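Source file run24.csv; content: CSV, C-alpha atoms and all ligand atoms.
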chain,number,residue,atom,x,y,z
A,17,MET,CA,7.9,141.3,196.3
A,18,GLN,CA,10.0,140.5,199.5
A,19,SER,CA,12.9,138.2,198.5
A,20,LEU,CA,11.8,134.6,198.8
A,21,GLU,CA,15.4,133.4,198.3
A,22,VAL,CA,16.8,131.5,201.4
A,23,PRO,CA,20.6,131.7,201.6
A,24,ALA,CA,22.3,128.3,201.1
A,25,VAL,CA,22.9,126.7,204.5
A,26,GLY,CA,26.3,125.5,206.0
A,27,PRO,CA,27.7,125.5,209.6
A,28,GLY,CA,27.1,128.9,211.1
A,29,GLY,CA,25.2,129.9,207.9
A,30,THR,CA,28.4,130.4,206.0
A,31,GLY,CA,26.7,130.2,202.6
A,32,ALA,CA,29.5,129.6,200.1
A,33,HIS,CA,30.9,125.9,199.8
A,34,ARG,CA,33.1,123.4,197.9
A,35,ASN,CA,32.3,119.6,197.8
A,36,ARG,CA,34.0,116.3,197.4
A,37,SER,CA,32.1,113.6,195.3
A,38,PRO,CA,31.8,110.1,196.7
A,39,ALA,CA,34.5,109.0,194.2
A,40,GLY,CA,36.9,111.4,196.0
A,41,GLY,CA,37.2,113.6,192.9
A,42,ILE,CA,36.0,117.2,192.7
A,43,GLU,CA,32.5,117.2,191.2
A,44,ALA,CA,30.3,120.3,191.0
A,45,PRO,CA,27.0,119.4,192.6
A,46,TYR,CA,23.8,120.4,190.8
A,47,HIS,CA,22.9,123.2,193.2
A,48,GLY,CA,26.4,124.9,193.4
A,49,VAL,CA,29.6,124.4,195.4
A,50,VAL,CA,29.9,123.3,199.0
A,51,GLU,CA,32.7,123.7,201.7
A,52,PRO,CA,33.5,120.6,203.7
A,53,TYR,CA,32.1,120.7,207.3
A,54,PRO,CA,34.7,121.0,210.1
A,55,ASP,CA,35.4,117.3,211.0
A,56,ARG,CA,34.6,116.8,214.7
A,57,THR,CA,35.9,114.0,216.8
A,58,PRO,CA,32.8,112.7,218.6
A,59,ALA,CA,32.8,113.4,222.4
A,60,ARG,CA,32.5,110.1,224.3
A,61,ARG,CA,28.9,109.8,225.5
A,62,PRO,CA,28.5,108.1,228.9
A,63,GLY,CA,26.8,104.7,228.5
A,64,PRO,CA,23.5,103.9,230.2
A,65,GLY,CA,23.9,104.2,234.0
A,66,GLU,CA,27.4,105.7,233.6
A,67,PRO,CA,28.1,109.0,235.5
A,68,GLY,CA,28.4,112.2,233.5
A,69,PRO,CA,26.1,114.6,231.6
A,70,GLN,CA,23.8,113.0,229.1
A,71,LEU,CA,25.2,114.8,226.1
A,72,ASP,CA,23.2,115.0,222.9
A,73,LEU,CA,24.0,112.2,220.6
A,74,LEU,CA,25.7,114.2,217.8
A,75,ASP,CA,26.9,112.8,214.4
A,76,ARG,CA,30.1,113.8,212.8
A,77,LEU,CA,28.5,117.0,211.5
A,78,GLU,CA,27.1,117.9,214.9
A,79,ARG,CA,23.5,117.0,214.1
A,80,PRO,CA,21.5,115.4,217.0
A,81,LEU,CA,19.3,112.3,216.5
A,82,ARG,CA,15.8,113.8,216.8
A,83,ASP,CA,13.5,112.1,214.3
A,84,LEU,CA,12.9,108.4,213.5
A,85,ARG,CA,11.0,107.5,210.4
A,86,ILE,CA,9.6,104.0,210.8
A,87,SER,CA,8.7,102.0,207.6
A,88,VAL,CA,6.2,99.4,208.6
A,89,THR,CA,5.9,97.9,205.1
A,90,ASP,CA,7.6,98.1,201.7
A,91,ARG,CA,4.3,97.5,200.0
A,92,CYS,CA,1.9,100.0,198.5
A,93,ASN,CA,-1.3,100.1,196.6
A,94,PHE,CA,-0.2,103.0,194.5
A,95,ARG,CA,2.5,103.0,191.8
A,96,CYS,CA,3.7,106.6,191.9
A,97,PRO,CA,6.3,107.0,189.0
A,98,TYR,CA,8.6,109.1,191.2
A,99,CYS,CA,8.8,106.4,193.9
A,100,MET,CA,7.5,102.9,192.7
A,101,PRO,CA,7.1,103.0,188.9
A,102,ALA,CA,4.7,100.3,187.8
A,103,GLU,CA,7.0,99.2,184.9
A,104,VAL,CA,9.7,98.2,187.5
A,105,PHE,CA,7.5,97.2,190.5
A,106,GLY,CA,4.8,95.2,188.7
A,107,ARG,CA,2.3,92.7,190.0
A,108,ASP,CA,5.0,90.0,190.3
A,109,PHE,CA,7.5,92.1,192.2
A,110,ALA,CA,8.8,90.3,195.2
A,111,PHE,CA,8.2,92.5,198.3
A,112,LEU,CA,9.5,91.5,201.7
A,113,PRO,CA,8.2,88.1,203.0
A,114,ARG,CA,6.3,88.4,206.3
A,115,SER,CA,9.1,86.5,208.2
A,116,LEU,CA,11.6,89.3,207.4
A,117,VAL,CA,9.3,92.1,208.5
A,118,LEU,CA,9.6,93.4,212.1
A,119,SER,CA,6.6,92.7,214.4
A,120,PHE,CA,4.9,95.6,216.1
A,121,GLU,CA,6.6,94.7,219.4
A,122,GLU,CA,10.0,94.7,217.7
A,123,ILE,CA,9.3,98.1,216.1
A,124,ALA,CA,8.1,99.5,219.4
A,125,ARG,CA,11.2,98.2,221.2
A,126,LEU,CA,13.6,99.8,218.7
A,127,ALA,CA,11.7,103.0,218.7
A,128,GLY,CA,11.8,103.1,222.5
A,129,ILE,CA,15.6,102.7,222.3
A,130,ALA,CA,15.8,105.5,219.8
A,131,VAL,CA,13.8,107.8,222.1
A,132,GLU,CA,16.2,107.0,224.9
A,133,LEU,CA,19.0,108.1,222.6
A,134,GLY,CA,17.3,111.4,221.7
A,135,ALA,CA,14.5,110.8,219.1
A,136,ARG,CA,11.6,113.1,219.9
A,137,LYS,CA,9.5,112.6,216.7
A,138,LEU,CA,8.4,109.3,215.3
A,139,ARG,CA,6.9,109.2,211.8
A,140,VAL,CA,5.2,106.0,210.7
A,141,THR,CA,5.6,105.5,207.0
A,142,GLY,CA,5.9,102.7,204.3
A,143,GLY,CA,5.5,102.0,201.4
A,144,GLU,CA,1.9,102.8,202.4
A,145,PRO,CA,1.6,102.2,206.1
A,146,LEU,CA,-2.2,101.8,206.1
A,147,VAL,CA,-1.9,98.6,204.0
A,148,ARG,CA,-0.3,96.9,207.1
A,149,ARG,CA,-3.1,95.1,209.0
A,150,ASP,CA,-3.9,96.2,212.6
A,151,LEU,CA,-1.7,99.3,212.4
A,152,PRO,CA,-3.6,101.0,215.3
A,153,VAL,CA,-2.0,98.4,217.6
A,154,LEU,CA,1.4,99.7,216.7
A,155,ILE,CA,0.2,103.3,217.1
A,156,GLY,CA,-1.0,102.4,220.6
A,157,TYR,CA,2.5,101.0,221.5
A,158,LEU,CA,4.3,104.0,220.1
A,159,SER,CA,2.0,106.5,221.8
A,160,GLU,CA,2.9,105.1,225.2
A,161,LEU,CA,6.6,106.0,224.7
A,162,ARG,CA,8.0,108.8,226.8
A,163,THR,CA,11.3,110.7,226.6
A,164,PRO,CA,13.8,110.2,229.5
A,165,ASP,CA,12.2,113.4,231.0
A,166,GLY,CA,8.8,111.7,230.9
A,167,ASP,CA,7.5,113.8,228.0
A,168,PRO,CA,5.3,112.4,225.3
A,169,ILE,CA,6.8,112.0,221.9
A,170,ASP,CA,5.6,113.7,218.7
A,171,LEU,CA,3.8,110.8,216.8
A,172,THR,CA,2.7,111.3,213.2
A,173,LEU,CA,2.1,109.3,210.1
A,174,THR,CA,2.4,109.8,206.3
A,175,THR,CA,-0.2,108.1,204.1
A,176,ASN,CA,-1.5,108.2,200.5
A,177,GLY,CA,-4.9,108.6,202.0
A,178,SER,CA,-6.4,105.6,200.2
A,179,ALA,CA,-7.6,103.8,203.4
A,180,LEU,CA,-7.8,106.9,205.6
A,181,ARG,CA,-11.6,107.2,205.5
A,182,ALA,CA,-12.0,104.0,207.5
A,183,LEU,CA,-8.8,104.2,209.6
A,184,ALA,CA,-8.6,107.8,210.7
A,185,ARG,CA,-10.8,107.3,213.8
A,186,PRO,CA,-9.1,104.0,215.0
A,187,LEU,CA,-5.6,105.6,214.5
A,188,ALA,CA,-6.6,108.7,216.5
A,189,ASP,CA,-8.2,106.6,219.2
A,190,ALA,CA,-4.9,104.6,219.4
A,191,GLY,CA,-3.0,107.8,220.1
A,192,LEU,CA,-2.0,109.2,216.7
A,193,GLN,CA,-1.8,113.0,217.1
A,194,ARG,CA,-1.4,114.4,213.6
A,195,ILE,CA,-1.1,113.2,210.0
A,196,THR,CA,0.4,114.0,206.5
A,197,VAL,CA,-1.5,112.9,203.4
A,198,SER,CA,0.1,112.8,199.9
A,199,LEU,CA,-2.0,114.4,197.2
A,200,ASP,CA,-0.3,115.4,193.9
A,201,SER,CA,-3.3,117.0,192.1
A,202,LEU,CA,-7.0,117.8,192.4
A,203,ASP,CA,-7.4,116.8,188.8
A,204,ASP,CA,-8.4,113.1,188.5
A,205,ALA,CA,-6.6,112.5,185.3
A,206,VAL,CA,-3.4,114.1,186.6
A,207,PHE,CA,-3.6,112.5,190.0
A,208,GLY,CA,-4.3,109.1,188.3
A,209,ALA,CA,-1.0,109.5,186.4
A,210,MET,CA,0.9,110.6,189.5
A,211,ASN,CA,-0.4,107.6,191.6
A,212,GLY,CA,0.0,105.2,188.7
A,213,VAL,CA,-3.3,103.3,189.5
A,214,ASP,CA,-5.9,105.9,188.6
A,215,PHE,CA,-7.0,106.3,192.2
A,216,PRO,CA,-9.7,109.0,192.5
A,217,VAL,CA,-9.0,112.3,194.2
A,218,SER,CA,-12.4,112.1,195.9
A,219,ARG,CA,-11.4,109.1,198.0
A,220,VAL,CA,-8.3,110.9,199.3
A,221,LEU,CA,-10.4,114.0,200.1
A,222,GLU,CA,-12.9,111.8,202.1
A,223,GLY,CA,-9.9,110.5,204.0
A,224,ILE,CA,-8.7,114.0,204.9
A,225,ALA,CA,-12.3,114.9,206.0
A,226,ALA,CA,-12.3,111.7,208.2
A,227,ALA,CA,-8.9,112.7,209.7
A,228,ARG,CA,-10.3,116.1,210.5
A,229,ASP,CA,-13.4,114.6,212.1
A,230,ALA,CA,-11.2,112.3,214.2
A,231,GLY,CA,-9.4,115.3,215.6
A,232,LEU,CA,-6.0,114.7,213.9
A,233,ALA,CA,-4.3,118.0,213.7
A,234,PRO,CA,-2.5,119.6,212.1
A,235,ILE,CA,-3.2,117.9,208.8
A,236,LYS,CA,-0.4,118.4,206.3
A,237,VAL,CA,-0.6,117.6,202.6
A,238,ASN,CA,2.5,116.7,200.6
A,239,THR,CA,2.6,117.3,196.8
A,240,VAL,CA,5.5,116.1,194.7
A,241,VAL,CA,5.9,118.4,191.7
A,242,ARG,CA,7.2,116.8,188.5
A,243,ARG,CA,7.7,118.8,185.3
A,244,GLY,CA,5.5,117.7,182.5
A,245,MET,CA,3.1,116.0,184.9
A,246,ASN,CA,1.5,118.2,187.5
A,247,GLU,CA,3.1,121.6,187.6
A,248,ALA,CA,-0.3,123.1,186.5
A,249,SER,CA,-1.8,121.6,189.7
A,250,VAL,CA,0.3,123.9,192.0
A,251,LEU,CA,-2.0,126.9,192.1
A,252,PRO,CA,-5.3,125.0,192.4
A,253,LEU,CA,-3.8,122.9,195.2
A,254,ALA,CA,-2.5,126.1,197.0
A,255,ARG,CA,-5.9,127.7,196.8
A,256,TRP,CA,-7.7,124.5,198.0
A,257,ALA,CA,-5.4,123.9,200.9
A,258,ARG,CA,-5.7,127.6,202.0
A,259,ASP,CA,-9.5,127.4,201.9
A,260,GLU,CA,-9.4,124.1,203.8
A,261,GLY,CA,-7.0,125.4,206.4
A,262,LEU,CA,-4.5,122.7,205.5
A,263,ILE,CA,-0.7,123.1,205.5
A,264,LEU,CA,0.4,122.2,202.0
A,265,ARG,CA,4.1,121.3,201.3
A,266,PHE,CA,5.5,121.1,197.8
A,267,ILE,CA,8.3,118.6,197.3
A,268,GLU,CA,10.9,118.9,194.6
A,269,TYR,CA,11.1,115.7,192.5
A,270,MET,CA,14.1,113.7,193.8
A,271,ASP,CA,16.5,111.1,192.5
A,272,VAL,CA,15.5,108.7,195.3
A,273,GLY,CA,16.4,105.0,194.8
A,274,HIS,CA,17.6,103.9,191.4
A,275,SER,CA,14.4,103.1,189.4
A,276,ASN,CA,12.5,106.3,188.8
A,277,GLY,CA,14.5,107.6,185.8
A,278,TRP,CA,15.1,110.9,187.5
A,279,ARG,CA,16.4,113.8,185.4
A,280,LEU,CA,17.3,117.3,186.7
A,281,ASP,CA,15.2,118.7,183.8
A,282,ASP,CA,12.1,117.2,185.4
A,283,VAL,CA,12.6,119.1,188.6
A,284,VAL,CA,10.3,122.1,189.2
A,285,SER,CA,12.4,124.2,191.5
A,286,ALA,CA,11.3,125.7,194.8
A,287,SER,CA,11.8,129.1,193.2
A,288,ASP,CA,9.4,128.3,190.4
A,289,VAL,CA,6.7,127.0,192.7
A,290,LEU,CA,7.0,130.0,195.0
A,291,ALA,CA,6.9,132.4,192.0
A,292,THR,CA,3.8,130.7,190.6
A,293,ILE,CA,1.9,131.1,193.9
A,294,ASP,CA,3.4,134.5,194.9
A,295,ALA,CA,2.2,136.1,191.6
A,296,VAL,CA,-1.4,135.4,192.6
A,297,LEU,CA,-1.3,134.9,196.4
A,298,PRO,CA,1.6,137.0,197.8
A,299,LEU,CA,3.9,135.1,200.2
A,300,GLU,CA,6.6,135.9,202.7
A,301,PRO,CA,9.2,133.6,204.4
A,302,VAL,CA,8.7,132.3,207.9
A,303,ALA,CA,11.5,131.3,210.3
A,304,PRO,CA,11.7,127.6,211.0
A,305,ASP,CA,10.1,126.3,214.2
A,306,TYR,CA,13.0,124.1,215.2
A,307,ARG,CA,16.3,122.8,213.9
A,308,GLY,CA,15.8,120.0,211.4
A,309,GLU,CA,12.4,121.2,210.2
A,310,VAL,CA,12.3,119.8,206.7
A,311,ALA,CA,10.1,122.3,204.9
A,312,GLY,CA,11.0,125.9,204.2
A,313,ARG,CA,8.0,127.8,205.4
A,314,PHE,CA,6.1,130.7,203.7
A,315,ARG,CA,2.9,132.4,204.8
A,316,TYR,CA,0.4,134.2,202.8
A,317,ARG,CA,0.8,137.9,203.4
A,318,ASP,CA,-2.9,138.3,204.0
A,319,GLY,CA,-2.5,135.9,207.0
A,320,SER,CA,-4.7,133.2,205.4
A,321,GLY,CA,-2.3,130.4,205.9
A,322,GLU,CA,1.0,129.0,205.0
A,323,ILE,CA,2.8,126.6,202.7
A,324,GLY,CA,6.0,124.6,202.8
A,325,ILE,CA,8.7,123.8,200.3
A,326,ILE,CA,10.8,120.7,200.6
A,327,ALA,CA,13.7,121.6,198.3
A,328,SER,CA,16.2,118.7,198.5
A,329,VAL,CA,17.6,119.5,195.0
A,330,THR,CA,17.9,123.3,194.8
A,331,ARG,CA,18.0,124.2,198.5
A,332,PRO,CA,19.5,121.2,200.4
A,333,PHE,CA,19.0,121.1,204.1
A,334,CYS,CA,21.5,118.4,205.2
A,335,ALA,CA,23.2,120.7,207.6
A,336,ASP,CA,20.2,120.4,209.9
A,337,CYS,CA,19.2,116.8,209.1
A,338,THR,CA,18.3,115.0,212.3
A,339,ARG,CA,16.6,112.0,210.8
A,340,ALA,CA,17.2,108.3,211.0
A,341,ARG,CA,15.2,105.7,209.2
A,342,LEU,CA,14.1,102.2,210.3
A,343,SER,CA,13.1,99.9,207.4
A,344,ALA,CA,10.4,97.3,207.6
A,345,ASP,CA,13.0,94.6,207.7
A,346,GLY,CA,14.8,96.2,210.6
A,347,HIS,CA,17.7,98.0,209.0
A,348,LEU,CA,18.8,101.4,210.3
A,349,TYR,CA,19.6,104.1,207.6
A,350,THR,CA,21.0,107.5,208.1
A,351,CYS,CA,20.0,109.2,204.9
A,352,LEU,CA,17.1,109.1,202.3
A,353,PHE,CA,19.7,108.4,199.6
A,354,ALA,CA,21.6,105.7,201.5
A,355,VAL,CA,23.2,102.8,199.6
A,356,SER,CA,23.5,100.6,202.7
A,357,GLY,CA,22.1,100.3,206.2
A,358,THR,CA,22.8,98.5,209.5
A,359,ASP,CA,20.9,95.3,210.4
A,360,LEU,CA,19.3,95.6,213.8
A,361,LYS,CA,16.8,92.8,213.3
A,362,THR,CA,19.3,89.9,213.5
A,363,PRO,CA,20.9,91.0,216.8
A,364,LEU,CA,17.5,91.8,218.2
A,365,ARG,CA,16.2,88.4,217.3
A,366,ALA,CA,19.5,86.8,218.5
A,367,GLY,CA,18.6,88.1,222.0
A,368,GLU,CA,20.7,91.3,222.4
A,369,SER,CA,19.8,93.5,225.3
A,370,ASP,CA,18.4,97.1,224.9
A,371,ALA,CA,21.8,98.4,226.0
A,372,GLN,CA,23.6,96.4,223.2
A,373,LEU,CA,21.1,97.5,220.6
A,374,ALA,CA,21.4,101.1,221.8
A,375,ALA,CA,25.2,100.8,221.4
A,376,ARG,CA,24.7,99.7,217.8
A,377,ILE,CA,22.4,102.7,217.0
A,378,ARG,CA,24.7,105.1,218.9
A,379,ASP,CA,27.8,103.9,216.9
A,380,VAL,CA,26.0,104.3,213.6
A,381,TRP,CA,24.9,107.8,214.5
A,382,LEU,CA,28.2,108.9,215.9
A,383,ALA,CA,29.9,107.9,212.6
A,384,ARG,CA,27.3,109.6,210.4
A,385,VAL,CA,28.5,112.1,207.8
A,386,ASP,CA,25.6,112.0,205.3
A,387,ARG,CA,24.9,115.1,203.3
A,388,TYR,CA,23.8,113.6,199.9
A,389,SER,CA,21.6,116.5,198.8
A,390,GLU,CA,24.6,118.9,199.1
A,391,LEU,CA,26.8,116.6,197.1
A,392,ARG,CA,24.2,115.5,194.5
A,393,SER,CA,25.9,115.5,191.1
A,394,GLU,CA,26.2,113.4,187.9
A,395,ALA,CA,28.4,111.0,189.8
A,396,THR,CA,25.8,110.4,192.6
A,397,ASP,CA,23.1,109.7,190.0
A,398,ARG,CA,24.6,106.3,189.4
A,399,LEU,CA,24.8,105.2,193.0
A,400,PRO,CA,22.7,102.0,193.8
A,401,LYS,CA,20.5,103.9,196.3
A,402,ILE,CA,18.0,102.0,198.4
A,403,GLU,CA,14.4,102.6,197.1
A,404,MET,CA,12.6,105.3,199.0
A,405,PHE,CA,9.6,103.0,199.7
A,406,ALA,CA,11.9,100.5,201.4
A,407,LEU,CA,13.4,103.0,203.9
A,408,GLY,CA,10.4,105.0,204.8
A,409,GLY,CA,10.6,108.1,202.6
A,501,LIG,S1,20.0,114.0,201.8
A,501,LIG,FE1,20.3,112.7,203.6
A,501,LIG,S2,21.5,114.0,205.0
A,501,LIG,FE2,20.6,115.4,203.5
A,501,LIG,S3,18.7,116.0,204.3
A,501,LIG,FE3,18.2,114.3,203.1
A,501,LIG,S4,18.3,112.5,204.5
A,501,LIG,FE4,19.3,114.2,205.5
Kindly present the structure from the file in structure tokens form.
Ligand code: SF4
Amino acid sequence: MQSLEVPAVGPGGTGAHRNRSPAGGIEAPYHGVVEPYPDRTPARRPGPGEPGPQLDLLDRLERPLRDLRISVTDRCNFRCPYCMPAEVFGRDFAFLPRSLVLSFEEIARLAGIAVELGARKLRVTGGEPLVRRDLPVLIGYLSELRTPDGDPIDLTLTTNGSALRALARPLADAGLQRITVSLDSLDDAVFGAMNGVDFPVSRVLEGIAAARDAGLAPIKVNTVVRRGMNEASVLPLARWARDEGLILRFIEYMDVGHSNGWRLDDVVSASDVLATIDAVLPLEPVAPDYRGEVAGRFRYRDGSGEIGIIASVTRPFCADCTRARLSADGHLYTCLFAVSGTDLKTPLRAGESDAQLAARIRDVWLARVDRYSELRSEATDRLPKIEMFALGG
């Protein structure tokens, strides 16, 4: 078996590391030790209309802003225990009131500014984005955005698939290019436990078929693997996705937010998932397509397809993280495990210009040093992290 181990990443692929916990003490992270990155004084980037080369907007760890994840709602019709456990987010949970949620026009304006600053991929998320009414209208606005060079942006969406059967065509007609659907098992009982509302697998499969008929491509499927819940679903899902020609990505269960009761023991590691599949369907690693690609890629040696592994816990990829997040209430976050964000809605609604809003986003990114997954340790478990469904996953 060709080695499926991917060397731990650091600047210039240095491998070995040492870390500093948020509390400033030395704390061994769960996945090993991490060297600090070379601290870089940000080069002054010429403002809009100012002379000088349009440098990439790089953060303090020399990562460009390339991806904006846009949460259009904090609401969801599922109650996945790893994201929005029902015992915490029950029927009477107070989600964002409408008045605090960005309008489609406000979202499109902020997304346009982010594209001007370097974002090339926009991912529409939630909560569950398809519960937001008239979503194709927003997709239409976003699909019209162009990079400073006039190129179209990469526009995609992540959904739990529950409303996809009806919305796939209108979303595609509005300009959506591709889509990612979450599906944690093909077994109804297991899937029902993973989505917390006993939603049937068949309805998600109908949504995927509708996405295919609507011409959305590629269609990717995300599966969160949690020990004691769905690890037995790994191989059946791999076989199904291969037969269907879908790109399946397995996601290590993460300590997102502060409500899912995460334990390291419940994590099924990337190595375990790969070994399970490789024993039956031999795999080999594939080089990433671009810097910042979230999933580690592996193809079947018989050429019949590929899978991805998103291994935030055991193989962190912060060194190449090019993602920012915009929450439904207009806050900018620079990490999935953030404890705070920057309010863009208030200055936007107070009448600030695009240039002023761009300066706010630029300053946030230039000061960014996030690398939570490389620093994850017992000390970070206790941080009051923002819930994943509130900042767009
Ligand atoms: S932990 Fe934060 S910095 Fe690291 S990859 Fe995830 S979002 Fe990026």
Report as JSON lines the residues of chain A within 7 Å of ligand LIG 501 (chain A), each with its shortest atom pair and distance in Å (one decimal), using all atoms listed in the file, ordered by chain and increasing residue number.
{"residue": "A:Ser328", "atom": "CA", "partner": "A:LIG501", "partner_atom": "FE3", "distance": 6.7}
{"residue": "A:Pro332", "atom": "CA", "partner": "A:LIG501", "partner_atom": "S3", "distance": 6.5}
{"residue": "A:Phe333", "atom": "CA", "partner": "A:LIG501", "partner_atom": "S3", "distance": 5.1}
{"residue": "A:Cys334", "atom": "CA", "partner": "A:LIG501", "partner_atom": "FE2", "distance": 3.6}
{"residue": "A:Cys337", "atom": "CA", "partner": "A:LIG501", "partner_atom": "FE4", "distance": 4.4}
{"residue": "A:Thr338", "atom": "CA", "partner": "A:LIG501", "partner_atom": "FE4", "distance": 6.9}
{"residue": "A:Arg339", "atom": "CA", "partner": "A:LIG501", "partner_atom": "FE4", "distance": 6.3}
{"residue": "A:Thr350", "atom": "CA", "partner": "A:LIG501", "partner_atom": "S4", "distance": 6.7}
{"residue": "A:Cys351", "atom": "CA", "partner": "A:LIG501", "partner_atom": "S4", "distance": 3.7}
{"residue": "A:Leu352", "atom": "CA", "partner": "A:LIG501", "partner_atom": "S4", "distance": 4.2}
{"residue": "A:Phe353", "atom": "CA", "partner": "A:LIG501", "partner_atom": "FE1", "distance": 5.9}
{"residue": "A:Asp386", "atom": "CA", "partner": "A:LIG501", "partner_atom": "S2", "distance": 4.6}
{"residue": "A:Arg387", "atom": "CA", "partner": "A:LIG501", "partner_atom": "S2", "distance": 4.0}
{"residue": "A:Tyr388", "atom": "CA", "partner": "A:LIG501", "partner_atom": "S1", "distance": 4.3}
{"residue": "A:Ser389", "atom": "CA", "partner": "A:LIG501", "partner_atom": "S1", "distance": 4.2}
{"residue": "A:Glu390", "atom": "CA", "partner": "A:LIG501", "partner_atom": "FE2", "distance": 6.9}
| field | Non-local contacts of stretch 155-171 of chain A (9 Å; all atoms listed in the file; under 3 positions in same chain excluded) as JSON, numbers by chain | value | {"A": [120, 121, 123, 124, 127, 128, 131, 132, 133, 134, 135, 136, 137, 138, 139, 140, 151, 152, 187, 188, 189, 190, 191, 192, 193, 194, 195]}
| task | Mind checking which residues fall within 6 Å of A:Gly142, counting all atoms listed in the file, ignoring those fewer than 3 positions away in the same chain, and posting them as a list in words? | result |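 In the requested format, the answer is Ser87, Val88, Thr89, Asp90, Pro145, Phe405 and Gly408 of chain A.
Pairwise distance (atom CA of A:Ser115, atom CA of A:Asp345) equals 9.0 Å.
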So that I can see what lies close to A:Leu73, please list as a tab-separated table (two decimals) with C-alpha atoms, in the coordinates of the input the residues with an atom at most 8 Å from it, counting all atoms listed in the file and leaving out residues fewer than 2 positions away in the same chain.
chain	number	residue	atom	x	y	z
A	61	ARG	CA	28.90	109.80	225.50
A	71	LEU	CA	25.20	114.80	226.10
A	75	ASP	CA	26.90	112.80	214.40
A	80	PRO	CA	21.50	115.40	217.00
A	81	LEU	CA	19.30	112.30	216.50
A	133	LEU	CA	19.00	108.10	222.60
A	134	GLY	CA	17.30	111.40	221.70
A	378	ARG	CA	24.70	105.10	218.90
A	381	TRP	CA	24.90	107.80	214.50
A	382	LEU	CA	28.20	108.90	215.90
| field | Between atom CA of A:Ser119 and atom CA of A:Asp150 - distance in Å to one decimal | value |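 According to the coordinates, atom CA of A:Asp150 and atom CA of A:Ser119 are separated by 11.2 Å.
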| Polymer residues at most 8 Å from A:Asn238, only C-alpha atoms, same-chain spacing of 3 or more positions, as a list in words |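 Non-adjacent residues within range: Thr196, Val197, Ser198, Leu199, Asp200, Leu264, Arg265, Phe266 and Ile267 of chain A.
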| said: When you count all atoms listed in the file, which of these residues is closest to A:Leu74: A:Leu297, A:Leu391, A:Leu364, A:Val380? | reply: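 Closest to A:Leu74, using all atoms listed in the file: A:Val380.
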Could you name the residues that touch A:Val250 at 9 Å or less, counting all atoms listed in the file, but leaving out those on the same chain fewer than 3 positions away, as a PDB file with C-alpha atoms, in the coordinates of the input?
ATOM      1  CA  ASP A 200      -0.300 115.400 193.900  1.00  0.00           C
ATOM      2  CA  SER A 201      -3.300 117.000 192.100  1.00  0.00           C
ATOM      3  CA  THR A 239       2.600 117.300 196.800  1.00  0.00           C
ATOM      4  CA  VAL A 241       5.900 118.400 191.700  1.00  0.00           C
ATOM      5  CA  ASN A 246       1.500 118.200 187.500  1.00  0.00           C
ATOM      6  CA  GLU A 247       3.100 121.600 187.600  1.00  0.00           C
ATOM      7  CA  LEU A 253      -3.800 122.900 195.200  1.00  0.00           C
ATOM      8  CA  ALA A 254      -2.500 126.100 197.000  1.00  0.00           C
ATOM      9  CA  ARG A 255      -5.900 127.700 196.800  1.00  0.00           C
ATOM     10  CA  PHE A 266       5.500 121.100 197.800  1.00  0.00           C
ATOM     11  CA  VAL A 289       6.700 127.000 192.700  1.00  0.00           C
ATOM     12  CA  THR A 292       3.800 130.700 190.600  1.00  0.00           C
ATOM     13  CA  ILE A 293       1.900 131.100 193.900  1.00  0.00           C
TER      14      ILE A 293
END
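The interatomic distance for the pair atom CA of A:Leu77 and atom CA of A:Ala375 works out to 19.3 Å.
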| query | Restricting the calculation to only C-alpha atoms, which member of A:Glu144, A:Asp288, A:Glu222, A:Glu300 is positioned closest to A:Gly321? | reply |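 Using only C-alpha atoms, the shortest distance to A:Gly321 belongs to A:Glu300.
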Around stretch 190-207 of chain A, fit a box with edges along x, y and z, padding it by 8 Å on each side, then list its centre and edge lengths in Å to one decimal as AutoDock Vina command-line options.
--center_x -4.0 --center_y 111.2 --center_z 202.7 --size_x 24.8 --size_y 29.2 --size_z 50.8
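Proximity of A:Leu183, A:Val117, A:Cys92, A:Leu348 to A:Ala226, computed with only C-alpha atoms, is greatest for A:Leu183.
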